[in-house]
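First the structure, in the form of structure tokens, and then the observations on it.
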Amino acid sequence: MGVTKGERSDEELVAELVEGDEAALGELYDRHADSLFRTALLRLGDRGLAEEVLQDTYLALWNRAELFDRSQGSVIGWLSTIARNRAIDRLRSSARRPAPVALSALAGTNPDPAAADDARDAILAAATPIAGVTAAPDPEREVEVAELRREVDQALAHIPDQERQVLKLAYYEQLSQSEIAARLAWPLGTVKTRTRRALARLRETLGEHRPS
Amino acid sequence: MDHDAVRDWIDEAFFTPATRDAEDAAARAVRAHLATCRDCGAYDAATRRAALKLDLAAGPSPEVRTRTLAAARRIARARTGASVPAAAPRRFGAGLTWRLAALVVLTAVVGAGAGAWWAGRQDSDADHLSDAVAMMATLATNAGAHEVVLRDAAGNGNGIAVLSSATHELAVFATHLPPGIEYHCYLERGGQRTWIGSMYAERGVQFWAGDMDTTIEMRPGDALVVAADEAAPAALSATL
């Protein structure tokens with residue numbers, strides 16, 4: 001994220017972190033958390049783990065802000081390194097967990113491995129250290145994320161209202177089907193049917209699934 | 001397992017990703033089925049692709065920001081309190097063992113030496129240890145937290161855990177474990193273990209600290225176990 005006139009730069013915020021300024025941590029979080037989260041998510045393939053890595057990354061910054069050396073690169077570059085290392089730690093220590101999501105996930109149903117790698121690199125580029133001191137926005141990456149959000153918005157818009165409602169409660173609020181039934185005062189069977197239909201639609205649009 | 005059952009499981013995992021981590025019979029049957037069924041494999045891949053896109057587009061939950069800033073606040077308080085480690089033990093109450101005090105001192109040493117090391121690697125277990133001890137120090141001051149000593153089969157107290165069933169926070173530290181093995185923390189009830197986390201290792205200390213999965217419910221009589229894997233004998237354990 002860029003720095004506009006009157007805003008403190010990332011480096012100024014880190015200097016304030018050294019003094020224990022919690023607001024500076026919040027501001028750095030707001031600037032870079034999305035990008036760092038995507039970096040971790042693409043490596044781990046698990047939203048919960050990616051969120052843990054994100055938290056670990058900012059706590060490492062909080063604990064070690066005085067060690068940031070601007071001559072070595074940007075703040076976002078430093079944070080990205082921490083996030084990647086933490087994600088790798090998680091992968092190593094979670095041998096029980098399945099492998100991260102295949103990054104062909106971003107390249108369609110018949111992925112060419114090279115295309116999948118390109119997709120991965122394009123997304124990861126968001127968190128790649130950027131030359132210079134200020135974390136300037138990467139226009140290409142911003143466009144890709146914006147396109148992804150547009151794709152998701154369109155997919156959700158094509159789902160009937162009631163199905164979208166159960167999908168959001170189940171996916172984003174993590175409510176069980178019984179809880180959804182209670183909240184919306186719908187029969188449980190109705191909730192199950194609508195949930196199944198909503199997911200089937202998402203699988204076809206976002207997942208590009210063509211039933212055989 | 002037939003196609004419909006496998007697809008039901010995949011749908012369930014879309015909404016409850018932890019399902020994929022399970023090591024139960026259903027999960028094993030699904031994995032075996034997916035290894036040979038192309039259609040269900042495509043169904044699974046499409047489901048995961050949809051979930052990944054939703055997550056990438058949504059970004060982290062707002063709660064992560066709240067949790068992160070709250071944790072930073074706790075660490076800041078602990079850091080202030082731990083600035084004089086020699087006098088620190090009294091802050092944590094009469095139940096504090098000498099091992100806890102030793103770990104606070106250890107952290108001070110690790111923290112002081114971490115700078116040069118950090119410059120070379122930028123990230124390391126050393127700061128994990130420092131974070132973990134800071135968290136433990138904070139946790140130990142909470143009214144609802146209590147500590148237990150982890151003992152090996154011979155009864156030697158070679159570990160300590162501070163935990164809070166109210167906040168689901170846990171900090172575990174162990175020493176004198178055979179090196180070269182990755183250890184894990186488990187909650188054990190009726191012979192069944194629930195995985196809590198994989199321990200980090202640094203300077204002879206094996207440790208884990210953090211928020212436990214909210215599905216893990218600690219009850220009196222449960223055991224906290226440190227072991228090499230789910231089926232391995234407990235290297236250390238304590239009854240809660």
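FYI, nothing fancy with the structure tokens labels: chains A, B, ... in order, residues from 1 per chain, ligands from 1 as they appear.
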
- request: Compile the residues of chain B that lie within 8 Å of chain A, evaluated using only C-alpha atoms, and express the compilation as a PyMOL selection string.
  value: chain B and resi 11+14-17+20-21+39+42-43+45-50+52-61+64-65+67-69+71-73+76+115+118-119+122-123+127+131+198-199

Considering only C-alpha atoms, return as a PDB file with N, CA and C atoms, in the first residue's frame whatever protein or nucleic-acid residues lie within 9 Å of Arg193 in chain B, sequence-local ones (same chain, fewer than 4 positions apart) excluded.
ATOM      1  N   TYR B 186      -0.268 -32.975  23.326  1.00  0.00           N
ATOM      2  CA  TYR B 186      -1.595 -33.568  23.172  1.00  0.00           C
ATOM      3  C   TYR B 186      -2.395 -33.385  24.457  1.00  0.00           C
ATOM      4  N   LEU B 187      -3.689 -33.336  24.291  1.00  0.00           N
ATOM      5  CA  LEU B 187      -4.577 -33.480  25.439  1.00  0.00           C
ATOM      6  C   LEU B 187      -5.072 -34.919  25.399  1.00  0.00           C
ATOM      7  N   GLU B 188      -4.927 -35.636  26.488  1.00  0.00           N
ATOM      8  CA  GLU B 188      -5.292 -37.050  26.510  1.00  0.00           C
ATOM      9  C   GLU B 188      -6.472 -37.272  27.452  1.00  0.00           C
ATOM     10  N   ARG B 189      -7.470 -37.964  26.934  1.00  0.00           N
ATOM     11  CA  ARG B 189      -8.642 -38.302  27.751  1.00  0.00           C
ATOM     12  C   ARG B 189      -9.069 -39.724  27.413  1.00  0.00           C
ATOM     13  N   VAL B 225       0.032 -34.140  27.521  1.00  0.00           N
ATOM     14  CA  VAL B 225       1.087 -35.097  27.178  1.00  0.00           C
ATOM     15  C   VAL B 225       2.031 -34.496  26.143  1.00  0.00           C
ATOM     16  N   GLU B 230       1.290 -39.473  18.059  1.00  0.00           N
ATOM     17  CA  GLU B 230       0.027 -39.762  18.736  1.00  0.00           C
ATOM     18  C   GLU B 230       0.050 -41.090  19.483  1.00  0.00           C
ATOM     19  N   ALA B 231       0.823 -42.045  18.947  1.00  0.00           N
ATOM     20  CA  ALA B 231       0.811 -43.385  19.561  1.00  0.00           C
ATOM     21  C   ALA B 231       2.019 -43.623  20.453  1.00  0.00           C
TER      22      ALA B 231
END

statement: Min atom-atom distance to Leu177 in chain B from the set B:Gly191, B:Gly204, B:Gly155, B:Gly210, counting only C-alpha atoms, belongs to B:Gly204

- line: Between CA of Ala143 in chain B and CA of Val172 in chain B lies a distance of 18.2 Å

- request: Using only C-alpha atoms, determine which residues lie at most 9 Å from range 185-194 of chain A, disregarding the query and same-chain residues fewer than 2 positions distant; provide the list as a ChimeraX atom specification.
  value: /A:162-164,166-167,177-178,180-183,196-199

Those residues with C-alpha atoms, as a PDB file, in the first residue's frame please?
ATOM      1  CA  GLN A 162     -31.578 -17.539   0.138  1.00  0.00           C
ATOM      2  CA  GLU A 163     -28.804 -19.861  -0.931  1.00  0.00           C
ATOM      3  CA  ARG A 164     -26.254 -17.057  -0.678  1.00  0.00           C
ATOM      4  CA  VAL A 166     -26.873 -19.836   4.079  1.00  0.00           C
ATOM      5  CA  LEU A 167     -23.541 -19.964   2.285  1.00  0.00           C
ATOM      6  CA  GLN A 177     -26.541 -26.105   9.704  1.00  0.00           C
ATOM      7  CA  SER A 178     -28.550 -26.463  12.913  1.00  0.00           C
ATOM      8  CA  ILE A 180     -28.408 -21.562  10.634  1.00  0.00           C
ATOM      9  CA  ALA A 181     -31.783 -23.252  10.825  1.00  0.00           C
ATOM     10  CA  ALA A 182     -32.336 -21.709  14.254  1.00  0.00           C
ATOM     11  CA  ARG A 183     -31.205 -18.263  13.203  1.00  0.00           C
ATOM     12  CA  ARG A 196     -25.772 -27.969  -1.067  1.00  0.00           C
ATOM     13  CA  ARG A 197     -27.126 -26.030  -4.030  1.00  0.00           C
ATOM     14  CA  ALA A 198     -25.096 -22.943  -3.179  1.00  0.00           C
ATOM     15  CA  LEU A 199     -21.914 -24.933  -2.931  1.00  0.00           C
TER      16      LEU A 199
END
